[in-house]
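Q: Can you keep this structure in mind? I'll have questions shortly.
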Amino acid sequence: MKARFTTKQPAVSWQPLDNGMVDVTICLNGQEVTDESSHVDEFGQVQTAIDTYWEYDFRQFRGKAENISRAAVEKNPEKYLEYQPLQEKTLEQKLQEQDENIRMLTECLLEMSEAVYV
């Protein structure tokens, strides 16, 4: 994804949050771009504006600080342009997993009891 800024940006911005998370912003391959635009004002005069900005390959994500190494991101930020942080499982997913584990353990227990008592 591309992003535009009015000022030059660092390659990696690391912002720790209070909840053990971190916001990471990556801006690579910056190019200074100038756009010229014209419009007619209320007096019929053509007004020309020249805008200069910085355009970057951009990625921003939030993840658990324990799962992301600041040193690794700063050493090789290109690798993180497509990074997807691990997503927490929903309560429903956790319950379904636990239900499957309980069923499997129950089956194992029944098989073991048959083997022992037969």
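If you're wondering about the labels, chains in the structure tokens are A, B, ... by order shown, residues count from 1 in each chain, ligands from 1 in order shown.
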Which residues are close to segment 51-55 of chain A, i.e. within 8 Å by only C-alpha atoms, leaving aside same-chain residues fewer than 3 positions away? Reply as a ChimeraX atom specification.
A: /A:2-8,30-36
Q: Would you give me, as number ranges by chain, the residues in chain A that DSSP reads as strand (DSSP E)?
A: A: 2-5, 12-16, 21-40, 46-64
Q: Could you save the residues just selected, with N, CA and C atoms, as a short mmCIF file (atom, residue, chain, number, x, y, z; two decimals), in the first residue's frame?
A:
```
data_model
loop_
_atom_site.label_atom_id
_atom_site.label_comp_id
_atom_site.auth_asym_id
_atom_site.auth_seq_id
_atom_site.Cartn_x
_atom_site.Cartn_y
_atom_site.Cartn_z
N LYS A 2 0.46 2.28 -0.66
CA LYS A 2 1.18 3.55 -0.70
C LYS A 2 0.54 4.52 0.29
N ALA A 3 1.37 5.39 0.84
CA ALA A 3 0.86 6.44 1.73
C ALA A 3 1.64 7.71 1.47
N ARG A 4 0.96 8.83 1.69
CA ARG A 4 1.58 10.14 1.47
C ARG A 4 1.69 10.89 2.80
N PHE A 5 2.81 11.58 2.95
CA PHE A 5 3.06 12.39 4.14
C PHE A 5 3.62 13.74 3.71
N VAL A 12 11.10 2.87 10.16
CA VAL A 12 10.31 2.12 11.14
C VAL A 12 9.97 3.04 12.30
N SER A 13 8.71 3.05 12.65
CA SER A 13 8.24 3.75 13.83
C SER A 13 7.66 2.72 14.78
N TRP A 14 8.10 2.72 16.03
CA TRP A 14 7.72 1.72 17.02
C TRP A 14 7.06 2.44 18.18
N GLN A 15 5.77 2.17 18.42
CA GLN A 15 5.03 2.86 19.48
C GLN A 15 4.45 1.85 20.45
N PRO A 16 5.12 1.64 21.63
CA PRO A 16 4.56 0.72 22.62
C PRO A 16 3.27 1.28 23.22
N MET A 21 0.70 -4.20 23.86
CA MET A 21 0.70 -4.20 22.40
C MET A 21 1.69 -3.15 21.89
N VAL A 22 1.95 -3.19 20.60
CA VAL A 22 2.82 -2.20 19.97
C VAL A 22 2.24 -1.85 18.60
N ASP A 23 2.29 -0.58 18.26
CA ASP A 23 1.92 -0.12 16.91
C ASP A 23 3.21 0.04 16.12
N VAL A 24 3.27 -0.60 14.97
CA VAL A 24 4.45 -0.54 14.11
C VAL A 24 4.05 0.10 12.79
N THR A 25 4.82 1.11 12.38
CA THR A 25 4.59 1.77 11.10
C THR A 25 5.87 1.64 10.27
N ILE A 26 5.72 1.18 9.04
CA ILE A 26 6.85 1.01 8.13
C ILE A 26 6.63 1.89 6.91
N CYS A 27 7.64 2.71 6.59
CA CYS A 27 7.61 3.59 5.42
C CYS A 27 8.91 3.37 4.64
N LEU A 28 8.81 2.76 3.47
CA LEU A 28 10.00 2.44 2.68
C LEU A 28 9.91 3.04 1.29
N ASN A 29 11.05 3.15 0.65
CA ASN A 29 11.15 3.61 -0.74
C ASN A 29 10.52 4.98 -0.94
N GLY A 30 10.81 5.88 -0.03
CA GLY A 30 10.23 7.22 -0.08
C GLY A 30 10.69 8.00 -1.30
N GLN A 31 9.73 8.69 -1.91
CA GLN A 31 10.01 9.55 -3.05
C GLN A 31 9.30 10.88 -2.83
N GLU A 32 10.03 11.95 -3.06
CA GLU A 32 9.43 13.27 -2.98
C GLU A 32 8.66 13.52 -4.28
N VAL A 33 7.38 13.86 -4.15
CA VAL A 33 6.51 14.03 -5.31
C VAL A 33 5.93 15.44 -5.27
N THR A 34 5.85 16.04 -6.44
CA THR A 34 5.26 17.37 -6.56
C THR A 34 4.06 17.29 -7.50
N ASP A 35 2.93 17.80 -7.02
CA ASP A 35 1.71 17.85 -7.81
C ASP A 35 1.33 19.30 -8.05
N GLU A 36 0.90 19.57 -9.26
CA GLU A 36 0.42 20.91 -9.60
C GLU A 36 -1.07 20.80 -9.93
N SER A 37 -1.86 21.61 -9.29
CA SER A 37 -3.30 21.59 -9.57
C SER A 37 -3.79 23.02 -9.78
N SER A 38 -4.79 23.14 -10.62
CA SER A 38 -5.36 24.45 -10.92
C SER A 38 -6.86 24.43 -10.70
N HIS A 39 -7.39 25.58 -10.29
CA HIS A 39 -8.84 25.72 -10.17
C HIS A 39 -9.19 27.19 -10.40
N VAL A 40 -10.43 27.42 -10.74
CA VAL A 40 -10.90 28.78 -10.98
C VAL A 40 -11.56 29.27 -9.70
N VAL A 46 -7.68 31.88 -12.57
CA VAL A 46 -7.12 30.53 -12.43
C VAL A 46 -6.06 30.57 -11.34
N GLN A 47 -6.25 29.74 -10.35
CA GLN A 47 -5.29 29.63 -9.24
C GLN A 47 -4.56 28.29 -9.38
N THR A 48 -3.25 28.36 -9.29
CA THR A 48 -2.43 27.16 -9.38
C THR A 48 -1.78 26.90 -8.04
N ALA A 49 -1.88 25.67 -7.59
CA ALA A 49 -1.25 25.26 -6.33
C ALA A 49 -0.25 24.16 -6.60
N ILE A 50 0.88 24.27 -5.96
CA ILE A 50 1.91 23.24 -6.07
C ILE A 50 2.05 22.59 -4.71
N ASP A 51 1.80 21.29 -4.66
CA ASP A 51 1.90 20.52 -3.42
C ASP A 51 3.07 19.56 -3.52
N THR A 52 3.86 19.54 -2.47
CA THR A 52 4.98 18.61 -2.40
C THR A 52 4.75 17.69 -1.21
N TYR A 53 4.94 16.40 -1.43
CA TYR A 53 4.74 15.43 -0.35
C TYR A 53 5.69 14.25 -0.56
N TRP A 54 5.75 13.41 0.45
CA TRP A 54 6.55 12.19 0.37
C TRP A 54 5.61 11.00 0.23
N GLU A 55 5.91 10.13 -0.73
CA GLU A 55 5.11 8.93 -0.95
C GLU A 55 5.95 7.70 -0.62
N TYR A 56 5.36 6.77 0.15
CA TYR A 56 6.08 5.59 0.63
C TYR A 56 5.30 4.31 0.38
N ASP A 57 6.06 3.20 0.29
CA ASP A 57 5.45 1.88 0.46
C ASP A 57 5.19 1.80 1.96
N PHE A 58 3.94 1.51 2.32
CA PHE A 58 3.50 1.72 3.70
C PHE A 58 2.83 0.48 4.26
N ARG A 59 3.09 0.23 5.54
CA ARG A 59 2.40 -0.83 6.28
C ARG A 59 2.32 -0.41 7.73
N GLN A 60 1.16 -0.57 8.32
CA GLN A 60 0.98 -0.28 9.73
C GLN A 60 0.19 -1.43 10.35
N PHE A 61 0.65 -1.89 11.51
CA PHE A 61 -0.04 -2.98 12.18
C PHE A 61 0.15 -2.87 13.68
N ARG A 62 -0.73 -3.57 14.39
CA ARG A 62 -0.67 -3.64 15.86
C ARG A 62 -0.58 -5.11 16.24
N GLY A 63 0.34 -5.39 17.16
CA GLY A 63 0.49 -6.77 17.61
C GLY A 63 1.00 -6.79 19.03
N LYS A 64 1.05 -8.00 19.61
CA LYS A 64 1.59 -8.15 20.95
C LYS A 64 3.10 -7.90 20.89
#
```
Q: How far is it from atom CA of Val73 of chain A to atom CA of Gly20 of chain A, in Å with one decimal?
A: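 Computing the Euclidean distance for atom CA of Val73 of chain A and atom CA of Gly20 of chain A yields 17.4 Å.
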Q: For each of A:Ala65, A:Leu109, A:Ala115, A:Met1, take the minimum atom-to-atom distance to Asp18 of chain A, counting only C-alpha atoms, then give the residue where this is smallest.
A: A:Ala65
Q: I need the residues in segment 63-108 of chain A that are alpha helix (DSSP H) according to DSSP; give them as a PyMOL selection string.
A: chain A and resi 70-75+91-108
Q: Report, in Å with one decimal, the straight-line distance from atom CA of Arg70 of chain A to atom CA of Lys94 of chain A.
A: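 Calculated distance between atom CA of Arg70 of chain A and atom CA of Lys94 of chain A is 29.4 Å.
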Q: Mind giving me the straight-line distance from atom CA of Gln87 of chain A to atom CA of Leu105 of chain A in Å, one decimal?
A: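 Separation of atom CA of Gln87 of chain A and atom CA of Leu105 of chain A: 26.8 Å.
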